[in-house]
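Asks: For reference, the structure I am asking about is given below.
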Amino acid sequence: MPKRPVVRHQFDVVIVGAGGAGLMAALQASKSCSVAVVSKLYPTRSHTGTAQGGIGAALGNLEPDSWEWHMFDTVKGSDYLADQDAVEFMCQEAIKVVYELEHMGLPFNRTPEGKIDQRRFGGHTKEFGAAPVRRSCYAADRTGHMILQTLYQQCIKQQVRFFDEFHLLDVLMPEGRCGGIAAWQLATGELHVFQAKGVLLATGGFGRMYKVTSNAHTLTGDGCAAVLRRGLPLADMEFFQFHPTGIYKLGILITEGARGEGGILRNALGERFMERYAPTLLDLAPRDMCSRAIYLELREGRGIQGKDYVHLDLTHLDREVLDKKLPDITDFVQTYLGIDPHRQPIPIQPTAHYAMGGIPTTIDAEVIRDAGSQAVPGLYAAGECACVSVHGANRLGTNSLVDIIVFGSRGGRRVAEWAAKADPPSLEPDAEGPAHEMLDRFTMNLGGESAGRIREELQQVMMDSVSVFRTQDGLKEALAAITQLRMRQRRVGLQDKSVRFNTELEEALELGCLLDLAWATTVAALARQESRGAHCREDFPTRDDANWLKHSLASLEGDRLRLDYKPVTITRFPPKPRTY
Ligand SMILES: Cc1cc2nc3c(=O)[nH]c(=O)nc-3n(C[C@H](O)[C@H](O)[C@H](O)COP(=O)(O)OP(=O)(O)OC[C@H]3O[C@@H](n4cnc5c(N)ncnc54)[C@H](O)[C@@H]3O)c2cc1C
């Protein structure tokens with residue numbers, strides 16, 4: 001069978017992904033070396049553009065604040081699983097990067113004196129937990145959109161080379177180092193080999209393994225899956241965050257900023273039920289706690305009209321607050337539910353939102369290969385696909401935008417420094433062989449399975465058994481189902497035989513990634529016999545620091561997944577019981 005055409009490129013650095021992390025890395029790296037940004041989406045369609053509520057930084061513009069308080073909140077929010085050296089660095093840098101974004105032209109909302117305005121968000125407090133603090137810097141409820149547009153403009157100004165609608169298939173690893181990537185071009189069906197001294201992955205999250213999710217269709221974890229398939233580990237995969245306020249059944253996000261502005265969660269009796277679960281922070285408790293509280297209310301029969309949703313009540317907020325600070329979510333609710341949030345409460349349920357786990361990296365964004373934190377030469381990762389780890393077992397709202405900008409920037413600088421001193425890699429003549437095979441598997445297969453059907457079944461299994469509450473039996477059933485689905489995936493055939501713009505082929509490729517990541521999530525969740533942050537085991541309901549204060553590392557060994565563990569870095573804040 002003749003192979004498809006191969007186009008070859010050479011750059012110092014290749015960045016995969018054009019969300020906030022990828023663009024920030026590209027801006028830094030392109031100051032000193034040749035950079036290509038490869039993205040399966042047109043850059044401004046990346047999921048960063050949907051981020052609503054804000055970016056957290058202790059600017060102290062409206063009331064006293066400090067990066068130490070931000071650090072404490074992040075560590076406590078993480079249920080003490082975050083690495084504290086990384087958190088300290090991130091909370092200090094957050095202040096600098098917000099001003100950097102402002103100077104690039106990002107139109108933040110302003111206080112009457114012209115400073116960047118700030119609002120409250122879940123888990124962010126003053127004086128080490130005393131009361132909520134105004135820390136989230138925001139541009140209405142379109143903060144991510146503004147970040148993405150601002151960074152993209154800067155990249156264009158700096159003449160960064162973009163390869164849009166190119167789909168990463170494989171990370172090339174000659175002689176134990178990273179030497180580039182193989183990607184498939186949607187428009188032409190051609191295979192492209194990018195030879196590079198350094199590669200930085202910024203491919204975002206994988207919420208699409210769940211049925212109800214706030215994540216875009218494209219968030220299928222392709223970068224994480226590529227790393228796993230190269231025998232490298234993924235860290236802390238058992239921790240997946242459910243955001244408490246997704247629109248009922250649709251999963252579309254209603255930002256936590258709505259509660260930051262005073263919104264209240266209510267059950268069928270009209271009760272502000274968070275009083276029972278988090279007496280100090282109430283509706284601004286961290287997301288893991290609010291999502292569990294909602295499920296417990298539903299279980300006890302206090303869902304609205306006996307159904308599986310509760311209300312987010314914004315009816316007491318001034319119309320001006322909704323118009324000026326929450327215009328997009330007001331619009332979503334009107335469009336999708338026909339509800340005016342000023343007059344009626346919004347039906348909500350927890351929605352799969354954020355991957356705390358991912359590709360383990362050092363604080364310099366270097367990808368690590370084992371529990372001894374050995375770096376893979378030339379391979380870097382940043383943003384939601386990476387696990388530094390600054391979010392541990394549960395991320396606080398506004399901290400992902402901080403993470404992508406701080407570590408995107410740091411990663412961009414480090415990969416450029418590496419490229420300045422590294423020799424060019426020598427790729428084997430058929431380095432793209434595995435990438436050809438990945439495409440052939442689907443294009444030549446005459447099997448009758450449909451990728452869409454398998455994906456729907458996977459999303460249902462994950463929603464039923466690997467979501468907010470977990471049990472050993474449920475996880476075992478999920479594992480058996482995922483194993484079956486992985487086998488069925490081998491028989492996926494395509495209806496669409498075209499070479500150009502074959503989106504059915506793209507979906508089949510993405511399904512493979514989702515299956516691998518769901519597998520890793522379930523295996524790691526089954527092994528962790530405790531409850532911590534977003535991982536809540538009903539059969540092991542307490543946190544167990546004696547045995548489980550450690551990061552998991554899942555890697556492929558033949559056709560099984562192997563789990564290793566590595567210690568958590570604790571500097572300033574020893575683990576304590578977590579109450580809010
Ligand atoms: C609705 C919503 C609201 C949010 N609101 C907030 C908020 O207010 N504050 C906050 O801190 N966080 C928020 N988050 C989380 C935060 O927005 C994300 O975690 C963050 O933007 C991820 O950025 P990223 O650069 O890592 O990835 P993304 O922005 O997701 O970009 C991923 C990039 O990778 C590329 N890519 C993926 N796979 C491939 C492939 N195979 N080949 C080539 N390219 C590929 C894509 O094209 C894309 O450019 C929100 C998330 C959602 C879903």
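Following the order of the structure tokens, chains are lettered A, B, ..., residues in each are numbered from 1, and ligands are numbered from 1.
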I need the residues of region 264-430 of chain A that end up classed as alpha helix (DSSP H) by DSSP on the backbone, written out as a ChimeraX atom specification.
Replies: /A:274-277,287-299,319-325,327-337,399-421
Asks: Using only C-alpha atoms, which residues of region 28-131 of chain A come within 12 Å of region 230-247 of chain A, and what is the closest atom pair for each, with the distance in Å to one decimal? Give it as a Markdown table, sorted by chain and residue number.
Replies:
| residue | atom | partner | partner_atom | distance |
| --- | --- | --- | --- | --- |
| A:Gly77 | CA | A:Gln241 | CA | 12.0 |
| A:Ser78 | CA | A:Phe239 | CA | 10.2 |
| A:Asp79 | CA | A:Phe239 | CA | 11.2 |
| A:Leu81 | CA | A:Asp236 | CA | 9.5 |
| A:Ala82 | CA | A:Asp236 | CA | 10.4 |
| A:Gly122 | CA | A:Pro244 | CA | 10.8 |
Asks: Determine, counting only C-alpha atoms, which protein, DNA and RNA residues have an atom within 6 Å of an atom of region 293-303 of chain A; residues of the same chain fewer than 4 positions away are not included. Present the result as a ChimeraX atom specification.
Replies: /A:267-268,307-310
Asks: Please identify the strand (DSSP E) residues within region 29-113 of chain A (assignment by DSSP from backbone atoms) and present them as a PyMOL selection string.
Replies: chain A and resi 35-39+55-56
Asks: Which is closest to Glu113 (chain A) among A:Cys33, A:Leu23, A:Ile359, A:Leu62, if we use only C-alpha atoms?
Replies: A:Leu62
Asks: Need to verify the contact set: Lys115 (chain A), 10 Å, only C-alpha atoms, exclusion of same-chain residues closer than 5 positions in sequence. Can you return it as a list in words?
Replies: Leu59, Asn61, Leu62, Phe108, Asn109 and Arg110 of chain A
Asks: Which residues come within 12 Å of Arg343 (chain A), counting only C-alpha atoms, excluding same-chain residues fewer than 5 positions away, as a list in words?
Replies: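 Residues near the query, excluding close chain neighbours: Leu312, Asp313, Leu314, Thr315, His316, Leu317, Asp318, Arg319, Leu322, Thr330, Val333, Gln334 and Gly338 of chain A.
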Asks: Nearest residue to ligand 1 out of A:Arg276, A:His353, A:Arg369, A:His124, using only C-alpha atoms and all ligand atoms?
Replies: A:His353
